[in-house]
Structures are given as structure tokens and as C-alpha cells.
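A.B. asks: Structure incoming, see below.
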Amino acid sequence: MRMAPTIPVSRQVSYSLKDGDSFLVCDALGDIHGGGEADGLFHDGTRVLSRLRLSLDGTTPALLSAAIAQDKVVFSAHLTNRPLPPIGDSPSAQGVIHIERSRFLWEGRLHERIVCTNYARAPVFLPLVLEFGADFRDMFEVRGMERPRRGSYPQAETAGDRVVLRYDGLDGVARRTVVAFSTVPTRLDGATARFERWLAPREAFALYLEIGADVACPGGERHRRAMVQARRALRARRRSGARLRGGGLLFDAWVERSRTDIALLASDLPSGRYPYAGIPWFSTPFGRDAIITALQTLWLDPGLARGVLAYLAERQAEETSSFRDSAPGKILHETRKGEMAALGEVPFGLYYGGVDTTPLFVVLAGRHFRRTGDRAFLDALWPALERATGWIERSCDADPDGLLAYARGQESGLANQGWKDSDDSVFHEDGTLAEGPIALVEVQGYAFEAFHAMAELARARGDAGAAARWHARALRLRQTVEARFWDEALDFYALARDGAGRMCRVLASNPGHLLFVGLPAPERAARVIAQLGQPRFDNGWGIRTVAADQPRYNPMSYHNGSVWPHDVALCAAGMARYGARRQATRLLGEVFEAATHFGMRLPELFCGFPRGAGEPPIAYPVACLPQAWSAGSVFMLLQACLGLEIDACRGEVEIVQPQLPPGVDRLFVERLDVGGARVDLMFERVGDRVLAARAGGAEDVRVTVRH
């Protein structure tokens, strides 16, 4: 479920860690406050730790610094004491106790080390207090949904060096959180652990704790061993695929942070690597998000796409359900593991209410085969592709215009089922909301390429008859879109067609996705590109989702005037497809400059206010960070600028009129896999041109450059 969260976020900057189906969000002190906040330790969609606060006898330490290590595995905070409480004497001075908190996640557990060092010239009394708690709230509750009933909380159990917190859910699942310490506390109850120590000058006290579902015996060696394993696992995911270097310090930092974020969000599932959508709201498998992330990174790392396709094929719908918006052949929109999903209080345990996920699944399969030439994987995937295409065909045949449209089955499902799935994201020129069944313009483009992809794949498998049939369907759909959606008065494609057959005559970024799949005729594509380049769309940091002069435009909205990096990347890739590579390069430059203001990590979205001289982009306060398809945007944008396409079936890399982003004069692409052979490429600015050439690797890979 991708609607904007409703709960306010009023705390300071947050820090997040993830491993598998667990993630953690805390503040700069390392504290978790819970309650109505979005922080905590979450596992399988449940907040299993909602409070973790460190104090010195109730006094919050002062913050020195906080950071997540470059490899994104370990969070650390450096703190110091405010005056310590007196013990029969005057208070200790401020800034004499250094407190270092470092933590990471590994295999469903939080591992933390707290080291307190006395830098005073005299002994200091240390009253270290840790407050903890677990509300076991479902993620949808944390996001603001109310429940009429909840399960029960058995009394916490304390046993020397540990506390067990319990929750018996209405779904029959007994959940528990064990908080274990390496040192027996001076005092311990179900919510607080107190450690009292006298520290001599330069003496340090180290405390290890682990928090998870099972009992553990934390300690220094166990902590170090788990940290090595966590770092090794993320490093392996980050190293997958080709490498980019030489773009300059800032650009390389953006590329590496984006690659690391995708590795961080990817979970190693039995079917392969799968990128979860984003932290905190969407740290779970989403169909659309993962497919687009895989498309963004396909040229560098086709292994991610393989994992996405395999996972989604395994969970393809087999039955019709109005509650889950499922029908045979549909591809998963999202899945959740929490209590509310298990009870059916929300339909998102396995939910199929995404009209675009199924055609995008087919699109990714087609592009993956062209990128890899992997016939064995295609053959294994073929039954799922046939079922998915069958659903698209049946849906189009049931529509009066032959379009792929959606209407939710029940009120509990998503009202809008394209990527802009807010309730108010599809509307008419007078601002009234469209009613279903709604046919979004970009979804028709995805279906168009899906039919084309199936035609090409069928031809590769020797079925000329099926190839001809799907090719004909693609052409018919293209003709319908050109006839029904193009609006001469707008000089643009309409956003959608509603259930009454009325066109939503709104200027939105959606037609940029038509460029991505190559549906528009060249002259109309040129007009779309020109419109997207106007200030009402391009705010200086990227393309707004809705033009600034349109009804319902709000630069602070979730979908009606904000800037989404993945949306910009798809539009830019479409521009480059029609030869507008300089326009795509300008957008890459704008998004790159936005990234520098967000610490080289693009959020899910940011506000669409016009760019002001010397002013940064304005953040959207509850945006996910990191977000997979935002992290992947740099790779799609860069591919669009380089004009690089890979056809492993032909053993060829083609580069057409390459460009480099502003400030980048040289770029190396190393270890690019083409059908099992590797090749290195170099791009270099020479005067006002960018030249490309092979820089090494297998000679049997044909590299064609057209400057």
C-alpha cells in the first residue's frame, strides 16, 4: 500500500539500518521513542522494540556526532554527559564522560555496544540507565490505522541479565522480544535496566546488548563475529554487477551510495536477491518498485532482475478475489507479514491491486532476455509470462476501448492502482476526481511494450504464430492510445480515461513513461519532450508529477506536484530513446545537484517548489529514506545519457551519441557482462563532444559507437 503516511513526524533526523526482514529507525542519539513516532525495531511488519532510551540517571546525554558507516552496516553515536548527579558531593563536570553507542542488525537481531569512558582527572560515578519497551504494533497501526481490538501482553519476565517482553496476538501468534545484557544490571525490571559503576580516570565500561526473539549471551567476541558477517554479506551484494568510476569525487560518491542503498534494501531470498521498497513504510517486497529498480540497474546488474522475476512468478495470482484485487495471472503488488494482514484486517498479506505491475513484469522479462540471452531462465519463466499476458488480454478485451483499466474490488483496497496511488491522484481539468474503471495513459504504454516483448520472446522460442498475434495487439493498442489520449489543445497526452469514457485532460508526468516504452509517434514525442522541459514541469531539480498550472497542483503533496526521482529517470530515459539526449543529461544534472543537498542519498520524493538561487530542494517530511527506486535512478539516468544498450543475444554493446553529466569529464564502466564475456568501456569529454571506446575485456563482444 503506497499511499502517503498520515502520522506526523516531529522528531529530529532519523537513522536507519536494515537486514533481511528487519529494520531499525532511531534518532541521532541512538534512542527509540515509539508512541506515535515511526521509529523502532521492526521485524516481519511488527514493531518488536518501541522504546530504547539511554540516560545517565534520567539525564539525556549531549550529542557530539552521529553517523552510519560508509558500508551502511553500523550506526554509531558519540555522546557526552551533562553534569552528573551528586553522590554526597558536587556534580561532576559536563563533558568528562564519553559515551559511544554502536549497533547493527544481523539475522533478525539488534547488536549494540555501549562504551563509557571517564576523561576526568578523578573517579566518576556512572549511573547508566536503559529504558526499553515493545508495543508489538503492526506497521499499519504505526502508520495511523486504528484497531478495535488488540491481543494481550503477558507480564514481562526478568532473569538476571535479560528481560522477555511478550505479546499474544489475535492471529494466534505469540511474539516475544528478549533484551539481553553482557553484564548483570544493578537493578532490572520489565522496563528499565540500571548499571552503576565508579570509573577511575581513563577507565572504560563496555556493555553489550542484543535484542531479538531468542535468548542470547551477548559479549565482545560474539559482537565482533556478527559484525564481520553482516559486513561481508552486504559487501557481497554491493559488488554484484559492473562497476562505475572516474566521474569525480561527488559523482562517484553518489553512485556508490546508491549502489550501497540498493544492496542494503535487497534481501537474499530463496528465489534470489529482491530489493525491498523503502524504509520505514515500505520495507517489504513490492512488485512495481522492485521491477522498476531492476529496470534501472539491468544494464549493470541483470542478476537483480532475475531475482525479482523469479520471486514474482512464484507468487502469481491463481484465483479471483475482490478483497485482494486478484485474478488469475496477475502479478503481486505487495505482501505483508504482520498481524493485521494475517487476520484480514487489511488485504495486503498478498495484494494484487496494481494495474501496472503485471505488464511491467512482462516488460522486465523481455528486457532481461535481451540483456542476458538466458534461454533456460526464459523457458522456466514462460508459463508465468503466458498467464500474465493472458490477464492483460482479458482485461483489455473487457474494456469498451480495449484499454487496460482498473477498479478496486472492495473499499479496503487501493482506490488508484497506478504508481500514483493516492486517492486524489487521478482527476479532471476541473479538479473533480475520476471514477473507475480508470485507464491510465502510462499503463497502456506498459501493456504496449508487454505485447511487443511477448512477440519477441515467442519469436526467440520459435513460435511465429504467437509472435504475430502479440505484435498485432501491440499495434492496435498503440493506435488506440494515439487516437484516444492525444489532445491537440493540451499539445500533450491526457492523464487517463475514466469509467464514463471522459478523458482526464490534465498535464501530468505520466506521458513521459510513454516515451520510455517508445509508443508515441516521433513528432508527438518531440512535443511531449518540449512540454516536460517547461518551467511548469521542470522545477530545476527534476520533473514535477503535475504541472504547476494544473488543478490540484500542490508542491507539498505526495503525488500532485512533488518530484519523484524514479519518475524523472523514466522520463529522461524516454527522452533519450527519441534522441533528446541533451535534455536527459540536463535532468541528470538537476537530480545530481539535488542529491548533493540530501547527503548523496535521494529520498523517495521531495517537494516541487521552484528552485531558488542558493536554496536547496525542500524535503518531503515523511519520505522513505533510503528508497530502492530513488537509489536506482542514477543508473537509469546515466544509461540514458551514455546512450548505451546491450544485446547479449547478438553479443553487442551499442553506444549512440553519448553525453556525460555536467562536471564529469571521464567515466569508466568496468566488468560489464555481455553474455558471459566481460568488457570495459571508457567515456571521455573532448571539447564539446563525448567520445566512447572499448577500454579492455573480451574481444568477442562487439562494441559499436555512433558519435
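Letters A, B, ... mark the chains of the C-alpha cells in the order given; residue numbers begin at 1 per chain; ligand numbers begin at 1, in order shown.
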Tell me, as a PyMOL selection string, which residues lie within 12 Å of A:Leu385, counting only C-alpha atoms; anything in the same chain fewer than 4 positions away does not count.
C.D. replies: chain A and resi 309-310+312-314+316+328-331+358-366+377-381+389-392+450-451+453-455+457-458
A.B. asks: Take the selection from the previous step and output its residues with C-alpha atoms, as a compact mmCIF listing (two decimals), in the first residue's frame.
C.D. replies:
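Ended up saving to result.txt:
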```txt
# COMPACT_ATOMS: atom_id res chain seq x y z
CA LEU A 309 11.22 -12.09 -11.84
CA ALA A 310 11.63 -15.42 -10.07
CA LEU A 312 7.07 -12.58 -8.53
CA ALA A 313 6.46 -15.60 -10.75
CA GLU A 314 6.25 -17.80 -7.65
CA GLN A 316 1.43 -15.00 -9.31
CA PRO A 328 -5.53 -15.46 -12.38
CA GLY A 329 -2.29 -14.28 -13.95
CA LYS A 330 -1.89 -11.00 -12.05
CA ILE A 331 1.46 -10.14 -10.52
CA THR A 358 1.63 -7.30 -14.49
CA PRO A 359 2.61 -5.61 -17.78
CA LEU A 360 5.81 -4.30 -16.17
CA PHE A 361 6.65 -7.89 -15.17
CA VAL A 362 6.46 -8.89 -18.82
CA VAL A 363 8.44 -5.80 -19.87
CA LEU A 364 11.23 -6.70 -17.43
CA ALA A 365 11.29 -10.31 -18.66
CA GLY A 366 11.66 -9.14 -22.26
CA PHE A 377 15.59 -18.89 -17.49
CA LEU A 378 13.17 -17.66 -20.16
CA ASP A 379 11.84 -21.18 -20.64
CA ALA A 380 11.34 -21.58 -16.88
CA LEU A 381 9.55 -18.23 -16.72
CA THR A 389 -0.22 -11.75 -20.73
CA GLY A 390 -3.48 -13.66 -20.66
CA TRP A 391 -4.71 -11.44 -17.83
CA ILE A 392 -3.70 -8.31 -19.78
CA ALA A 450 4.48 -6.14 -22.86
CA PHE A 451 2.79 -7.30 -26.10
CA ALA A 453 8.10 -8.22 -25.57
CA MET A 454 5.97 -11.34 -25.80
CA ALA A 455 6.17 -11.18 -29.59
CA LEU A 457 10.21 -13.76 -26.85
CA ALA A 458 7.82 -16.03 -28.76
```
A.B. asks: Mind checking which residues fall within 7 Å of stretch 284-297 of chain A, counting only C-alpha atoms, ignoring those fewer than 4 positions away in the same chain, and posting them as a VMD selection string?
C.D. replies: chain A and resid 275 to 277 301 304 to 305 308 332 to 336 357 360 to 361 364 628 to 629 632 to 633 635 to 636
A.B. asks: List the spatial neighbours of A:Thr585 as a VMD selection string - criterion: any atom at most 12 Å away, only C-alpha atoms, same-chain residues fewer than 4 positions off excluded.
C.D. replies: chain A and resid 542 568 to 569 571 to 573 575 to 576 579 to 581 589 to 592 634 636 to 643 657 to 664
A.B. asks: With C-alpha atoms retained, could you export that selection as a CSV table (one decimal), in the first residue's frame?
C.D. replies:
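To be explicit, this is the file written out as result_1.csv:
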```csv
chain,number,residue,atom,x,y,z
A,542,GLY,CA,13.6,17.5,-11.8
A,568,VAL,CA,12.3,11.8,-13.6
A,569,ALA,CA,14.6,8.9,-14.6
A,571,CYS,CA,11.0,10.4,-18.4
A,572,ALA,CA,14.7,11.1,-19.1
A,573,ALA,CA,15.2,7.5,-20.4
A,575,MET,CA,13.7,11.4,-23.9
A,576,ALA,CA,17.0,9.7,-24.8
A,579,GLY,CA,17.3,11.2,-29.4
A,580,ALA,CA,16.8,14.0,-26.9
A,581,ARG,CA,20.0,13.0,-25.0
A,589,GLY,CA,22.5,17.2,-13.7
A,590,GLU,CA,19.5,18.6,-11.8
A,591,VAL,CA,18.9,15.4,-9.9
A,592,PHE,CA,22.6,15.1,-9.2
A,634,VAL,CA,21.2,7.5,-11.1
A,636,MET,CA,18.9,4.8,-15.4
A,637,LEU,CA,19.7,8.5,-15.9
A,638,LEU,CA,23.3,7.7,-16.6
A,639,GLN,CA,22.4,4.9,-19.1
A,640,ALA,CA,20.1,7.4,-20.9
A,641,CYS,CA,23.0,10.0,-21.1
A,642,LEU,CA,25.6,7.4,-22.3
A,643,GLY,CA,23.2,6.1,-25.0
A,657,GLN,CA,25.7,10.0,-29.2
A,658,PRO,CA,27.0,9.7,-25.6
A,659,GLN,CA,26.8,12.5,-23.2
A,660,LEU,CA,28.3,13.0,-19.7
A,661,PRO,CA,26.7,14.9,-16.9
A,662,PRO,CA,28.0,18.4,-16.1
A,663,GLY,CA,31.2,18.3,-14.2
A,664,VAL,CA,32.1,14.8,-15.2
```
A.B. asks: Any idea what's packed within 7 Å of A:Gly278, counting only C-alpha atoms, ignoring anything in its chain fewer than 2 positions away? Could you give it as an mmCIF file with C-alpha atoms, in the first residue's frame?
C.D. replies:
```cif
data_model
loop_
_atom_site.group_PDB
_atom_site.id
_atom_site.type_symbol
_atom_site.label_atom_id
_atom_site.label_comp_id
_atom_site.auth_asym_id
_atom_site.auth_seq_id
_atom_site.Cartn_x
_atom_site.Cartn_y
_atom_site.Cartn_z
ATOM 1 C CA TYR A 276 12.528 -4.084 -0.677
ATOM 2 C CA PRO A 280 10.328 2.806 7.076
ATOM 3 C CA TRP A 281 6.929 2.470 5.434
ATOM 4 C CA PHE A 282 7.634 0.000 2.654
ATOM 5 C CA SER A 283 10.372 -2.349 3.870
ATOM 6 C CA CYS A 624 11.165 6.962 2.750
ATOM 7 C CA LEU A 625 14.939 7.090 3.009
ATOM 8 C CA PRO A 626 16.553 5.004 1.634
ATOM 9 C CA GLN A 627 14.202 4.100 -1.208
ATOM 10 C CA ALA A 628 15.136 1.497 -3.812
#
```
A.B. asks: Which is closer to A:Arg257 than all the others in A:Arg601, A:Leu404, A:Glu615, A:Gly675, using only C-alpha atoms?
C.D. replies: A:Arg601
A.B. asks: Find, counting only C-alpha atoms, the residue in A:Glu386, A:Val215, A:Arg476, A:Val355 that gets nearest to A:Ala415.
C.D. replies: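 Of the candidates, the smallest distance to A:Ala415 is held by A:Val355.
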A.B. asks: Residues at most 10 Å from A:Arg544, counting only C-alpha atoms, excluding those fewer than 5 positions away in the same chain, as a PyMOL selection string?
C.D. replies: chain A and resi 508-509+532+535-539+553+555+559-565+567-568+606-610
